[in-house]
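Asks: Below are the structure tokens for one structure; questions will follow.
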Amino acid sequence: MITGRFFAAGADRRIAITILILLAAAIIVPLLNLAVSPTSAFYIPPYIVALTGKYLCYALLALALDLVWGYCGILSLGHGAFFALGGYAMGMYLMRQIGSRGVYGNPILPDFMVFLNYKELPWFWYGFDHFWFAAVMVLAVPGLLAFVFGWFAFRSRVTGVYLSIITQAMTYALLLAFFRNDMGFGGNNGLTDFKDILGFNVQADATRSALFAASAVMLALAVFITWAIVGSKYGKLLMAVRDAESRTRFLGWRAENVKLFAFTVSAVMAGIAGALYVPQVGIINPGEFEPSNSIEVVIWAAVGGRGTIVGPIVGALLVNAGKSWFTGVLPEFWLFALGGLFVAVTLFLPKGIIGMWDSWRGNAKAMRAAAIAEEAGTDSDAPPPAKIVRSAATTPGAWSASGPEPQPAE
Amino acid sequence: MILLRTLGLMLVFLMASLLPSNAAEADLRAVIAKFATGSGFSATEAVVRELAATGDPLVERPLAALAEGNLYIRKDDSAVFVGNEAGDSVTLLDPLSGESAGDAAKADITKIKVNNTLRRVIRDALGTLTLRAKDPAVRIAAADTMFKTPDAANIEPLDAAIAAETDAKVKALFEQARAASVLVSDKPEADKLAAIALIGARGDRDALSLLTSVEANAQGAVKDAASAAIASINSSLALWDAGQNIWYGISLGSVLLLAAIGLAITFGVMGVINMAHGEMVMLGAYTTFVVQQVIRTSFPGLFDWSLVIALPLAFLVAASIGLIIERGVIRFLYGRPLETLLATWGVSLVLQQAVRSIFGPTNQEVGNPSWMSGSFDVGQLAITWNRLWILVFALTVFGVLLYVMKRTPWGLQMRAVTANRRMAASMGIRTPWVDALTFALGSGIAGIAGVALSQIDNVSPNLGRGYIIDSFMVVVFGGVGNLWGTLVGAFSLGIVNKVLEPYAGAVLGKIVVLVLIILFIQKRPRGLFALKGRAVEA
């Protein structure tokens, strides 16, 4: 049934195209980097591979946020925390791979622990010398945190801006905690100076290309999973909770369970994004927990279009490309541009780029249909076709009955 | 005639008061001259004791110079001088009057040698001398020095000083210093026990360190008494420490209150999450900086008034920017709190970067006016003036705001809009204007908070960032739309934070507080003092 939908026309075709593009990029970009001679016009230099690989991780993070914000109405301002936790899990594996090649040459303890006079490995570092263990932790740690956090938050019906604020407090608390040297995660220097991943040198072009391919494939997989979730019955329930939580609850559904599932899946996706991100940039430090980072993720999703699957990916790529360009050309103006983007998107582009595109296409199609109907001379008194709504997902907030005026704090 | 007689009388008195001092000065010179005749440390010590015994404040100069190793004998005539070394030659000064007496080559003079024993004798002699100084502050300092370095030789001069002392406070200090000296003397045990009781009653850290050394050296009843006194001092110091932590907590609470109270209004009344609130605080701090710059360059005499001048200006600056934000951005986003949050976050980035471009990214120096610097002690509590003033200021702002909300027509309209927006609009209240003015008011209060915070925090473009999360915690904890909730929230968070700090450390304490708040919100999602209503969503 899913395959049938997958190759159907319309919005679902867009998903198929996105996945195909990502898979194609996973093959072509490494090929153009490794197999083409540096003098050729088609050659992709390694730094571009690393940069776009980083963007793909951001895109995955934005997609994860979109699952909870766009489809379930939970504005999490702490998704950077899940991203960073996944990154730390991967970073711990990479630290253990350094072995005795560190500055102090200790075969067991990473450099910063020798420096901080640790005598033996803290218990929570056990097992990170195995990749499979680290991979499980990349999924488990963010997922578990999100589950516990969501369990408490959703059951006591903390919603709206209150939830946003406590997610922000969560990432802030983690930021402070990871800055402490005696936490055993390297303090404010974080984890860096990585050498190998799975036995391959992280600096090598081939490894970077492989990481790029892994990011692209993982993003494609996430797109597929999100699409499958959103299109299922459960997806309808997600959107029902987003648009009218109380009504859904009165109809007999457990809104908190619906939200908890989406929140946990989203956190796991964010953790994977962080784990792919760390070997590509070569460092993870507590700065990733900074609340402002998490808020920036929200704007990626908003620019591309929340409540769409492709939107956050487009948004993350565009905003980050813009950031790279701006910080190179006009470093002082980047914050002006980013701040202006926040304001402009919320005021003028509430549905994001993809959402605008859809409604524009929808209007055009409707008008064309009306024109054809008129020409054919059929019943001209018939009401013009209603504005075509592609799917419920493209109109977030449509159910909030009151007009644009302030509500007393929820 | 009367005038003349009075003048004449005064002259006579003046002569009379000068003459004996002249006579005494001649005696002193004779004693000082003995430095040249005697030889060896013991001879010098005898002279020092003789000088100290005169009790004349004039001997301070030669004694101090001797302790520093700056007292010299001229080889030609065995005259004694205070010398200042300058290259190869030494500038000679008269030991009593301090007048210049020409230069001398180093070869022509001999330095009077001192050792540590002698320095100690000199220091004690000087301490004894200052016990009779006219200025009570000098006497208190002398008593303090003697208390910290007790010596059996101090007992006699202290006894004399106690008998002559009229100031009760200084007298008590003298008695404590004497008790400290008794403890190191070979007086009978009963005296020592009395001394320990006296010192134990003093109860500060100096007393504690003194008693600890006594406990280590003494035997029998004295040792026991000392241990008991130490225990009692420790328990009272623990109480004072707790008090000090609570004071720090109250101080932090007042800062949080200032930062959060504007947010409580905008969030409570309008349901608007203003992420740019911290930047309003920053703008207020920068207004203070600009005002102080203008005053420094143009009206230096007004510096003590700079904060008073900055207050209304900061309010106006922040309020007008707040008004622009409300009219330009927020009013289009009512009913969409999450979008408002994002848009105001964008505004905060722009404001931060604008300030960074204009003033530069570094910290700006904002001075404390004289009435805000320094500190005073209450018992063992050290209270700084700026913290105290900020507490007073925060409570004043709170009181004024409470008055505005509860007693003015505008406040009535605000509360009406909070309670039921549509009903308020139907009754003829112009809700858009109430919204705009409320937002401006909240921003303006953030601005004046910035004036206060500029006194205790670094004025940099990131000033607001540090407060925004804490302010939200206060508002959410206290309950939205309730000023009293904000007050209670601010002070309880401040105190809990500071009381946890000594046990958990600053960072861990803060983490614990954040986790506690997160857990608290689970229990009471609408805060401590929630507004009551019947709506499903509320």
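Following the order of the structure tokens, first chain is A, next is B, and so on, with residues numbered from 1 inside each chain and ligands from 1 in the order they appear.
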Could you tell me, as number ranges by chain, which residues of stretch 26-122 of chain A DSSP assigns to alpha helix (DSSP H) when given the backbone?

Replies: A: 26-34, 46-69, 79-98, 111-115

Asks: Quick one: which residues from chain A are at most 9 Å off chain B, using only C-alpha atoms, as a PyMOL selection string?

Replies: chain A and resi 75+152-162+164-170+172-174+176-177+179-180+246+295+298-299+332-347+350+397+400+402-410

Asks: Please provide the set of residues having any atom within 8 Å of A:Gly143, restricted to only C-alpha atoms, with same-chain residues fewer than 2 positions apart removed, written as a compact mmCIF listing (two decimals) with N, CA and C atoms, in the first residue's frame.

Replies:
# COMPACT_ATOMS: atom_id res chain seq x y z
N LEU A 139 21.32 6.46 19.41
CA LEU A 139 19.86 6.39 19.34
C LEU A 139 19.24 6.47 20.73
N ALA A 140 19.88 5.77 21.69
CA ALA A 140 19.22 5.57 22.98
C ALA A 140 19.24 6.81 23.86
N VAL A 141 20.37 7.50 23.90
CA VAL A 141 20.47 8.61 24.86
C VAL A 141 19.48 9.73 24.53
N LEU A 145 16.10 10.49 26.81
CA LEU A 145 15.88 11.80 27.41
C LEU A 145 14.55 12.36 26.94
N ALA A 146 14.30 12.28 25.62
CA ALA A 146 13.05 12.82 25.09
C ALA A 146 11.86 12.08 25.67
N PHE A 147 12.01 10.75 25.83
CA PHE A 147 10.90 9.98 26.36
C PHE A 147 10.58 10.40 27.78
N THR A 264 9.74 11.48 20.73
CA THR A 264 10.86 10.53 20.88
C THR A 264 11.48 10.20 19.53
N VAL A 265 10.63 9.92 18.53
CA VAL A 265 11.17 9.63 17.19
C VAL A 265 12.00 10.81 16.70
N ALA A 267 13.53 13.07 18.47
CA ALA A 267 14.79 13.20 19.20
C ALA A 267 15.82 12.21 18.69
N VAL A 268 15.38 10.98 18.36
CA VAL A 268 16.31 9.99 17.83
C VAL A 268 16.88 10.47 16.50
N GLY A 271 19.42 12.99 17.16
CA GLY A 271 20.64 12.35 17.65
C GLY A 271 21.48 11.79 16.51

Asks: List the spatial neighbours of B:Val404 as a PyMOL selection string - criterion: any atom at most 12 Å away, only C-alpha atoms, same-chain residues fewer than 4 positions off excluded.

Replies: chain B and resi 265+397-400+408-415+438+441+483

Asks: Stretch 109-333 of chain A: which residues are strand (DSSP E) by DSSP, as a list in words?

Replies: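 Put together, the selection reads Leu191, Thr192, Asp196, Ile197, Phe200, Asn201, Ile283 and Ile284 of chain A.
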
Asks: Atom CA of B:Gly40 and atom CA of B:Ile112 are how many Å apart?

Replies: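 The value is 9.3 Å.
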
Asks: Report the distance between atom CA of A:Ala228 and atom CA of A:Trp151 in Å, rounded to one decimal place.

Replies: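 Those two atoms sit 23.8 Å apart.
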
Asks: Could you name the residues that touch B:Ala260 at 10 Å or less, counting only C-alpha atoms, but leaving out those on the same chain fewer than 4 positions away, as a list in words?

Replies: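 The contact residues come out as Ser254, Val255, Leu256, Ala264, Ile265, His277, Gly278, Gly442, Ile445, Ala446, Ala449, Tyr467, Ile468, Ile469, Asp470, Ser471, Phe472, Met473, Val474, Val475, Leu483, Thr486, Leu487, Gly489 and Ala490 of chain B.
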
Asks: Quick check, in Å to one decimal: how far apart do atom CA of A:Ala270 and atom CA of A:Met95 lie?

Replies: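 About the pair atom CA of A:Ala270 and atom CA of A:Met95: they are 21.1 Å apart.
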